[in-house]
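Novice: Got a structure for you, questions after.
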Amino acid sequence: MSGQGWCGNFADIDVSDGGETVVKKGGWPCVYVGSVDSISFKKSDGDRKMCFYASFNVENGSPGEEVFKINSDLNEFCIKESDFGGWSEYAIENAIGEYVRPGLKNLTAELCRTYGFKMSYEAYSFYCA
(Lines give C-alpha, C1' and ligand atoms only; values in the text may rest on other atoms or scores of the structure.)
Protein backbone atom coordinates (compact mmCIF):
# COMPACT_ATOMS: atom_id res chain seq x y z
CA MET A 1 0.00 0.00 0.00
CA SER A 2 2.90 2.34 0.54
CA GLY A 3 2.98 4.75 -2.41
CA GLN A 4 -0.71 4.31 -3.34
CA GLY A 5 -2.13 7.76 -3.98
CA TRP A 6 -5.11 9.94 -4.73
CA CYS A 7 -4.94 13.24 -6.59
CA GLY A 8 -7.26 16.18 -7.11
CA ASN A 9 -7.13 17.33 -10.74
CA PHE A 10 -5.22 15.88 -13.67
CA ALA A 11 -4.11 18.52 -16.19
CA ASP A 12 -1.89 16.07 -18.05
CA ILE A 13 -2.39 12.37 -17.41
CA ASP A 14 0.60 10.15 -18.12
CA VAL A 15 -0.79 6.62 -17.82
CA SER A 16 1.59 3.70 -17.78
CA ASP A 17 0.70 0.06 -17.37
CA GLY A 18 3.61 -1.57 -15.58
CA GLY A 19 1.90 -4.93 -15.42
CA GLU A 20 -1.27 -5.29 -13.38
CA THR A 21 -1.85 -1.71 -12.19
CA VAL A 22 -2.36 1.43 -14.22
CA VAL A 23 -0.50 4.39 -12.71
CA LYS A 24 -1.69 7.93 -13.42
CA LYS A 25 0.74 10.81 -13.07
CA GLY A 26 0.31 14.54 -13.47
CA GLY A 27 -2.34 15.17 -10.81
CA TRP A 28 -2.32 17.91 -8.20
CA PRO A 29 -2.57 18.00 -5.28
CA CYS A 30 -1.86 14.42 -4.29
CA VAL A 31 -1.89 12.42 -1.08
CA TYR A 32 0.10 9.18 -0.97
CA VAL A 33 0.25 6.43 1.64
CA GLY A 34 3.58 6.96 3.37
CA SER A 35 3.85 3.97 5.65
CA VAL A 36 1.71 1.18 7.04
CA ASP A 37 2.50 -0.01 10.56
CA SER A 38 1.16 -2.02 13.48
CA ILE A 39 -0.94 -4.54 11.56
CA SER A 40 -3.17 -6.49 13.93
CA PHE A 41 -6.11 -8.86 13.73
CA LYS A 42 -9.13 -8.42 15.98
CA LYS A 43 -12.50 -9.99 16.53
CA SER A 44 -15.42 -7.81 17.58
CA ASP A 45 -19.17 -8.40 17.37
CA GLY A 46 -18.50 -11.71 15.63
CA ASP A 47 -16.54 -10.05 12.81
CA ARG A 48 -12.85 -10.61 12.18
CA LYS A 49 -11.03 -7.39 11.31
CA MET A 50 -7.57 -6.46 10.18
CA CYS A 51 -6.45 -3.13 11.60
CA PHE A 52 -3.40 -1.03 10.77
CA TYR A 53 -2.08 2.49 11.01
CA ALA A 54 -1.24 4.43 7.87
CA SER A 55 0.54 7.75 7.56
CA PHE A 56 0.36 9.95 4.48
CA ASN A 57 2.67 12.05 2.34
CA VAL A 58 0.60 15.16 1.64
CA GLU A 59 1.36 17.58 -1.22
CA ASN A 60 2.66 20.88 0.12
CA GLY A 61 3.79 22.83 -2.95
CA SER A 62 2.59 24.17 -6.27
CA PRO A 63 1.97 21.87 -9.28
CA GLY A 64 5.16 20.24 -10.51
CA GLU A 65 7.24 21.05 -7.41
CA GLU A 66 6.61 17.66 -5.78
CA VAL A 67 7.00 18.98 -2.25
CA PHE A 68 5.34 16.88 0.46
CA LYS A 69 4.72 16.77 4.19
CA ILE A 70 6.17 13.32 4.86
CA ASN A 71 4.48 10.74 7.12
CA SER A 72 1.80 13.08 8.42
CA ASP A 73 -1.79 12.44 9.47
CA LEU A 74 -1.42 9.02 11.12
CA ASN A 75 -4.78 7.24 11.17
CA GLU A 76 -6.06 3.77 12.09
CA PHE A 77 -8.04 1.72 9.57
CA CYS A 78 -9.95 -1.49 10.27
CA ILE A 79 -11.18 -3.72 7.45
CA LYS A 80 -13.78 -6.44 7.99
CA GLU A 81 -12.95 -9.89 6.66
CA SER A 82 -14.64 -10.62 3.33
CA ASP A 83 -17.40 -13.20 3.01
CA PHE A 84 -14.89 -15.43 1.19
CA GLY A 85 -12.27 -15.15 3.93
CA GLY A 86 -9.28 -12.86 4.02
CA TRP A 87 -8.94 -9.18 3.23
CA SER A 88 -8.88 -7.89 -0.31
CA GLU A 89 -6.51 -5.22 -1.53
CA TYR A 90 -9.54 -3.48 -3.06
CA ALA A 91 -11.26 -3.22 0.35
CA ILE A 92 -8.11 -1.79 1.91
CA GLU A 93 -7.63 0.78 -0.89
CA ASN A 94 -11.31 1.69 -0.74
CA ALA A 95 -11.22 2.31 3.03
CA ILE A 96 -8.16 4.53 2.75
CA GLY A 97 -9.57 6.28 -0.34
CA GLU A 98 -12.82 7.09 1.48
CA TYR A 99 -10.70 8.79 4.13
CA VAL A 100 -8.41 10.68 1.72
CA ARG A 101 -10.73 11.78 -1.13
CA PRO A 102 -13.00 14.15 0.87
CA GLY A 103 -9.97 16.15 2.05
CA LEU A 104 -8.57 16.72 -1.46
CA LYS A 105 -10.95 19.63 -2.14
CA ASN A 106 -9.87 21.43 1.05
CA LEU A 107 -6.21 20.68 0.33
CA THR A 108 -6.60 22.12 -3.17
CA ALA A 109 -8.20 25.30 -1.81
CA GLU A 110 -5.49 25.70 0.83
CA LEU A 111 -2.63 25.20 -1.64
CA CYS A 112 -4.26 27.50 -4.22
CA ARG A 113 -4.42 30.27 -1.59
CA THR A 114 -0.76 29.72 -0.76
CA TYR A 115 0.76 29.10 -4.20
CA GLY A 116 -1.75 30.53 -6.68
CA PHE A 117 0.38 33.63 -7.26
CA LYS A 118 3.26 31.42 -8.44
CA MET A 119 1.19 29.55 -11.05
CA SER A 120 0.74 30.44 -14.68
CA TYR A 121 -2.71 31.68 -15.68
CA GLU A 122 -3.41 28.33 -17.37
CA ALA A 123 -2.36 26.28 -14.35
CA TYR A 124 -4.31 28.50 -11.96
CA SER A 125 -7.45 28.36 -14.08
CA PHE A 126 -7.24 24.56 -14.31
CA TYR A 127 -6.33 23.67 -10.73
CA CYS A 128 -7.83 26.53 -8.74
CA ALA A 129 -10.78 28.03 -10.63
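Lettering and numbering for the C-alpha coordinates are positional, with chains as A, B, ... in the shown order, residues counted from 1 in each chain, and ligands counted from 1 in the shown order.
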If we count only C-alpha atoms, what is near region 93-98 of chain A at a cut-off of 10 Å, once residues fewer than 4 positions away on the same chain are taken out, given as an MDAnalysis selection string?

Specialist: chainID A and resid 1 4:6 31 33 54 75:79 88:89 102:103

Novice: So, with only C-alpha atoms as the atoms that count, which of A:Ser35, A:Ala129, A:Trp87, A:Gly46 lies closest to Ile70 (chain A)?

Specialist: A:Ser35

Novice: Give me the residues near region 61-68 of chain A as JSON, numbers by chain, where near means some atom within 7 Å (using only C-alpha atoms) and where sequence neighbours in that chain fewer than 3 positions away do not count.

Specialist: {"A": [28, 57, 58, 111, 115]}

Novice: Please extract the residues of chain A with a backbone DSSP assignment of strand (DSSP E) and present them as a VMD selection string.

Specialist: chain A and resid 5 to 17 22 to 44 47 to 59 68 to 80

Novice: Residues near Ser44 (chain A), anyone? I mean within 12 Å using only C-alpha atoms, not counting same-chain ones fewer than 4 positions away, as a PDB file with all heavy atoms, in the first residue's frame.

Specialist:
```pdb
ATOM      1  N   ARG A  48     -14.314 -10.660  12.127  1.00  0.00           N
ATOM      2  CA  ARG A  48     -12.852 -10.608  12.185  1.00  0.00           C
ATOM      3  C   ARG A  48     -12.401  -9.402  11.389  1.00  0.00           C
ATOM      4  O   ARG A  48     -12.862  -9.177  10.270  1.00  0.00           O
ATOM      5  CB  ARG A  48     -12.252 -11.895  11.637  1.00  0.00           C
ATOM      6  CG  ARG A  48     -12.541 -13.063  12.541  1.00  0.00           C
ATOM      7  CD  ARG A  48     -12.048 -14.381  12.032  1.00  0.00           C
ATOM      8  NE  ARG A  48     -11.074 -14.306  10.964  1.00  0.00           N
ATOM      9  CZ  ARG A  48     -10.192 -15.246  10.678  1.00  0.00           C
ATOM     10  NH1 ARG A  48     -10.177 -16.341  11.375  1.00  0.00           N
ATOM     11  NH2 ARG A  48      -9.354 -15.115   9.683  1.00  0.00           N
ATOM     12  N   LYS A  49     -11.498  -8.614  11.962  1.00  0.00           N
ATOM     13  CA  LYS A  49     -11.026  -7.394  11.313  1.00  0.00           C
ATOM     14  C   LYS A  49      -9.508  -7.350  11.306  1.00  0.00           C
ATOM     15  O   LYS A  49      -8.860  -7.855  12.223  1.00  0.00           O
ATOM     16  CB  LYS A  49     -11.541  -6.153  12.054  1.00  0.00           C
ATOM     17  CG  LYS A  49     -13.034  -6.023  12.029  1.00  0.00           C
ATOM     18  CD  LYS A  49     -13.486  -4.793  12.774  1.00  0.00           C
ATOM     19  CE  LYS A  49     -14.999  -4.697  12.733  1.00  0.00           C
ATOM     20  NZ  LYS A  49     -15.484  -3.519  13.437  1.00  0.00           N
ATOM     21  N   MET A  50      -8.992  -6.766  10.255  1.00  0.00           N
ATOM     22  CA  MET A  50      -7.572  -6.463  10.179  1.00  0.00           C
ATOM     23  C   MET A  50      -7.449  -4.955  10.385  1.00  0.00           C
ATOM     24  O   MET A  50      -8.119  -4.179   9.706  1.00  0.00           O
ATOM     25  CB  MET A  50      -6.985  -6.837   8.825  1.00  0.00           C
ATOM     26  CG  MET A  50      -5.520  -6.413   8.702  1.00  0.00           C
ATOM     27  SD  MET A  50      -4.796  -6.738   7.078  1.00  0.00           S
ATOM     28  CE  MET A  50      -5.763  -5.653   6.061  1.00  0.00           C
ATOM     29  N   CYS A  51      -6.631  -4.548  11.322  1.00  0.00           N
ATOM     30  CA  CYS A  51      -6.446  -3.130  11.601  1.00  0.00           C
ATOM     31  C   CYS A  51      -4.980  -2.759  11.387  1.00  0.00           C
ATOM     32  O   CYS A  51      -4.079  -3.584  11.580  1.00  0.00           O
ATOM     33  CB  CYS A  51      -6.860  -2.800  13.032  1.00  0.00           C
ATOM     34  SG  CYS A  51      -8.624  -3.110  13.360  1.00  0.00           S
ATOM     35  N   CYS A  78      -9.577  -0.106   9.977  1.00  0.00           N
ATOM     36  CA  CYS A  78      -9.948  -1.493  10.270  1.00  0.00           C
ATOM     37  C   CYS A  78     -10.835  -1.993   9.137  1.00  0.00           C
ATOM     38  O   CYS A  78     -11.813  -1.343   8.767  1.00  0.00           O
ATOM     39  CB  CYS A  78     -10.685  -1.597  11.603  1.00  0.00           C
ATOM     40  SG  CYS A  78      -9.606  -1.304  13.037  1.00  0.00           S
ATOM     41  N   ILE A  79     -10.479  -3.134   8.588  1.00  0.00           N
ATOM     42  CA  ILE A  79     -11.182  -3.718   7.452  1.00  0.00           C
ATOM     43  C   ILE A  79     -11.795  -5.043   7.893  1.00  0.00           C
ATOM     44  O   ILE A  79     -11.094  -5.913   8.424  1.00  0.00           O
ATOM     45  CB  ILE A  79     -10.212  -3.982   6.278  1.00  0.00           C
ATOM     46  CG1 ILE A  79      -9.326  -2.787   5.983  1.00  0.00           C
ATOM     47  CG2 ILE A  79     -10.981  -4.459   5.047  1.00  0.00           C
ATOM     48  CD1 ILE A  79     -10.051  -1.528   5.638  1.00  0.00           C
ATOM     49  N   LYS A  80     -13.084  -5.200   7.649  1.00  0.00           N
ATOM     50  CA  LYS A  80     -13.777  -6.438   7.994  1.00  0.00           C
ATOM     51  C   LYS A  80     -13.377  -7.538   7.007  1.00  0.00           C
ATOM     52  O   LYS A  80     -13.199  -7.282   5.825  1.00  0.00           O
ATOM     53  CB  LYS A  80     -15.284  -6.190   7.954  1.00  0.00           C
ATOM     54  CG  LYS A  80     -16.101  -7.305   8.559  1.00  0.00           C
ATOM     55  CD  LYS A  80     -17.555  -6.896   8.741  1.00  0.00           C
ATOM     56  CE  LYS A  80     -18.292  -7.051   7.444  1.00  0.00           C
ATOM     57  NZ  LYS A  80     -19.752  -6.940   7.592  1.00  0.00           N
ATOM     58  N   GLU A  81     -13.271  -8.741   7.507  1.00  0.00           N
ATOM     59  CA  GLU A  81     -12.948  -9.887   6.657  1.00  0.00           C
ATOM     60  C   GLU A  81     -14.047 -10.082   5.619  1.00  0.00           C
ATOM     61  O   GLU A  81     -15.231  -9.921   5.902  1.00  0.00           O
ATOM     62  CB  GLU A  81     -12.808 -11.142   7.513  1.00  0.00           C
ATOM     63  CG  GLU A  81     -12.384 -12.372   6.733  1.00  0.00           C
ATOM     64  CD  GLU A  81     -12.205 -13.588   7.623  1.00  0.00           C
ATOM     65  OE1 GLU A  81     -12.881 -13.676   8.665  1.00  0.00           O
ATOM     66  OE2 GLU A  81     -11.402 -14.447   7.260  1.00  0.00           O
TER      67      GLU A  81
END
```

Novice: Based on DSSP run over this structure's backbone, return all residues of region 29-116 of chain A in alpha helix (DSSP H), as a list in words.

Specialist: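 Selecting the alpha helix (DSSP H) positions of region 29-116 of chain A gives Glu89, Tyr90, Ala91, Ile92, Glu93, Asn94, Ala95, Ile96, Gly97, Glu98, Tyr99, Val100, Arg101, Pro102, Gly103, Leu104, Lys105, Asn106, Leu107, Thr108, Ala109, Glu110, Leu111, Cys112, Arg113, Thr114 and Tyr115 of chain A.
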
Novice: Please, what distance in Å, to one decimal, runs between CA of Cys128 (chain A) and CA of Asn9 (chain A)?

Specialist: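 About the pair CA of Cys128 (chain A) and CA of Asn9 (chain A): they are 9.4 Å apart.
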
Novice: As an exercise, work out the distance from CA of Glu110 (chain A) to CA of Cys7 (chain A) in Å and give it to one decimal place.

Specialist: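 These two atoms are separated by 14.5 Å.
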
Novice: Report the distance between CA of Lys105 (chain A) and CA of Ile92 (chain A) in Å, rounded to one decimal place.

Specialist: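 Those two atoms sit 22.0 Å apart.
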
Novice: Have a look at A:Tyr99, A:Phe52, A:Tyr32, A:Asp47 and name the one nearest to Ser72 (chain A); count only C-alpha atoms.

Specialist: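 Between A:Tyr99, A:Phe52, A:Tyr32, A:Asp47, the residue approaching Ser72 (chain A) most closely is A:Tyr32.
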